[in-house]
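Following: one structure in structure tokens, then a few remarks.
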Amino acid sequence: MASFDEWRRRLARAMEQRGDWPARSPWVRQAVDAVARDRFAPERVWWWDGHSYIPVDRAADPDRWAVEVYGDPDAAAVTQVTDGLPSSSLSCEAVVVDMLDSLLLEPGHRVLELGTGTGRNAALLGWRAGAGRVTSVEVDPELADRARGRLREAGVDVRVEVADGRDVPPGAVPYDRVMATFAVDEVPWSWVARTRPGGRIVTPWGRLGHVALTVAGDGRSATGWMQGLAQFMPARGTGHGRGSFQQVRAAAAGAAGGERPVRRRLEPLRDDVHLRFALRVALPDVRISTAADGDGLNAWLHDGSSWAALSAVGGGDTVAYQGGPRRLADELDGAWDRWLGDGSPALYDYGMTVEPHRQYVWCADPVTGPRWPVR
């Protein structure tokens, strides 16, 4: 069995080979080296066997446990499962590093973290900002208590409060930096209101990318560019959508008539993150899933009331079925065509602007570029 020190070195080398360590923020690697993942992982983590989440206990199977905690820069270690679905995790190292780099954090900054989880990200923030400069908010009292214990054992001075991070109460002193560790579909205005003019907010958005917003000098808006991938789990209570996909599959299996051929291959829908992000922007309430079978690649779409199934039928052919008030397969085609017509912009070509009563995603330019309302 390799020691945890060796597992840490393996992960660091893998990230170095991929160029994951940010040149503009050398402190991030120093913090990661000082704040070991295994010190913030619980005794039990969970791995997905293709059908369900299986517990892995550190004492019973330390190698398997270490694989879950350290094995892959792009893999999160699931630390809590609720009703068969992950509800907390030790975030994947590559995304943690990328988001910390995007925060542009300096010593002495006052930081608000939303979503304490295991406490590890709060410890990294505290390592950089300094003792007593970080407040972390966690909605789950048990997780908050465990995180306090781990932070205390690690000698990191971070304040952990129990509250819903989606609704930050007003306060007299604004924060210099705000970071969320859960994905939101709308950025709460309270986050902007608690950040000083010129301050920075980094959050996963839309369950696929993360955005860095800078608060305007008058405090009446925040705007900024998408920074990279961040497939964080959503805020508590917003759902995962798995049951809806099962319903789509069942509806497609019973569909008769009304089908039409699909005129394009579906591989980009699975493999091209820039296309997937553009579709998330253009069709914000539509969830898309893909999976392959013996006939080829299939896709399922739903918005809670309408559905579509793009079903491989063999020989390279695919057939679309759709039902409900909307024609989601047709809307998918339209949004895909528009993205191609715009020159296939990358995720990094998009940005977001948040104002008190509206927010929108834009492409290329926040003033003159095309925009899509978030609310």
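For the structure tokens, the naming scheme is as follows: chains receive sequential letters (A, B, ...) according to their order of presentation, residues are indexed from 1 within each chain, and ligands are indexed from 1 in presentation order.
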Just list as a compact mmCIF listing (two decimals) with C-alpha atoms, in the first residue's frame whatever in segment 143-315 of chain A DSSP marks as helix (DSSP H, G or I).
# COMPACT_ATOMS: atom_id res chain seq x y z
CA LEU A 143 -21.36 18.76 7.84
CA ALA A 144 -20.64 22.15 9.41
CA ASP A 145 -19.74 20.56 12.75
CA ARG A 146 -17.42 17.99 11.15
CA ALA A 147 -15.75 20.70 9.07
CA ARG A 148 -15.12 22.78 12.20
CA GLY A 149 -13.37 19.80 13.74
CA ARG A 150 -11.17 19.17 10.72
CA LEU A 151 -10.24 22.85 10.44
CA ARG A 152 -9.40 22.94 14.13
CA GLU A 153 -7.21 19.84 13.82
CA TRP A 189 -28.23 39.30 -5.71
CA SER A 190 -27.38 39.01 -2.01
CA TRP A 191 -23.94 37.72 -3.04
CA VAL A 192 -23.31 40.92 -5.00
CA ALA A 193 -24.73 43.08 -2.23
CA ARG A 242 -32.32 11.55 -12.84
CA GLY A 243 -35.95 10.49 -12.37
CA SER A 244 -37.05 12.70 -15.25
CA PHE A 245 -34.63 10.96 -17.63
CA GLN A 246 -36.04 7.60 -16.62
CA GLN A 247 -39.49 8.93 -17.50
CA VAL A 248 -38.22 10.17 -20.88
CA ARG A 249 -36.82 6.73 -21.68
CA ALA A 250 -40.10 5.10 -20.71
CA ALA A 251 -42.11 7.55 -22.81
CA ALA A 252 -39.85 7.04 -25.83
CA ALA A 253 -40.11 3.27 -25.52
CA GLU A 267 -21.13 12.64 -30.71
CA PRO A 268 -20.56 16.42 -30.29
CA LEU A 269 -23.54 16.48 -27.92
CA ARG A 270 -21.59 14.11 -25.69
CA ASP A 271 -17.98 15.18 -26.33
CA VAL A 273 -18.12 20.87 -23.90
CA HIS A 274 -18.36 24.17 -25.80
CA LEU A 275 -21.47 22.99 -27.65
CA ARG A 276 -22.96 21.67 -24.43
CA PHE A 277 -22.37 24.99 -22.72
CA ALA A 278 -23.94 26.92 -25.62
CA LEU A 279 -27.00 24.67 -25.43
CA ARG A 280 -27.18 25.24 -21.68
CA VAL A 281 -27.26 28.99 -22.35
CA ALA A 282 -29.80 28.82 -25.19
### Message
Give me, as number ranges by chain, all polymer residues having an atom no more than 6 Å from segment 287-290 of chain A, counting only C-alpha atoms and skipping those fewer than 2 positions away in the same chain.
### Response
A: 298-302
### Task
Write out as a VMD selection string all residues of segment 114-350 of chain A that DSSP puts in strand (DSSP E or B) for this structure's backbone.
chain A and resid 114 134 to 138 159 to 162 175 to 180 183 to 184 195 to 205 209 to 215 222 to 229 234 260 to 261 287 to 293 296 to 302 307 to 314 317 to 323 350
### Message
Residues near Arg133 of chain A, anyone? I mean within 10 Å using only C-alpha atoms, not counting same-chain ones fewer than 5 positions away, as an MDAnalysis selection string.
### Response
chainID A and resid 107:112 125:128 157:159 175
### Query
So how far away is atom CA of Ala183 of chain A from atom CA of Val35 of chain A, in Å?
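Computing the Euclidean distance for atom CA of Val35 of chain A and atom CA of Ala183 of chain A yields 23.7 Å.
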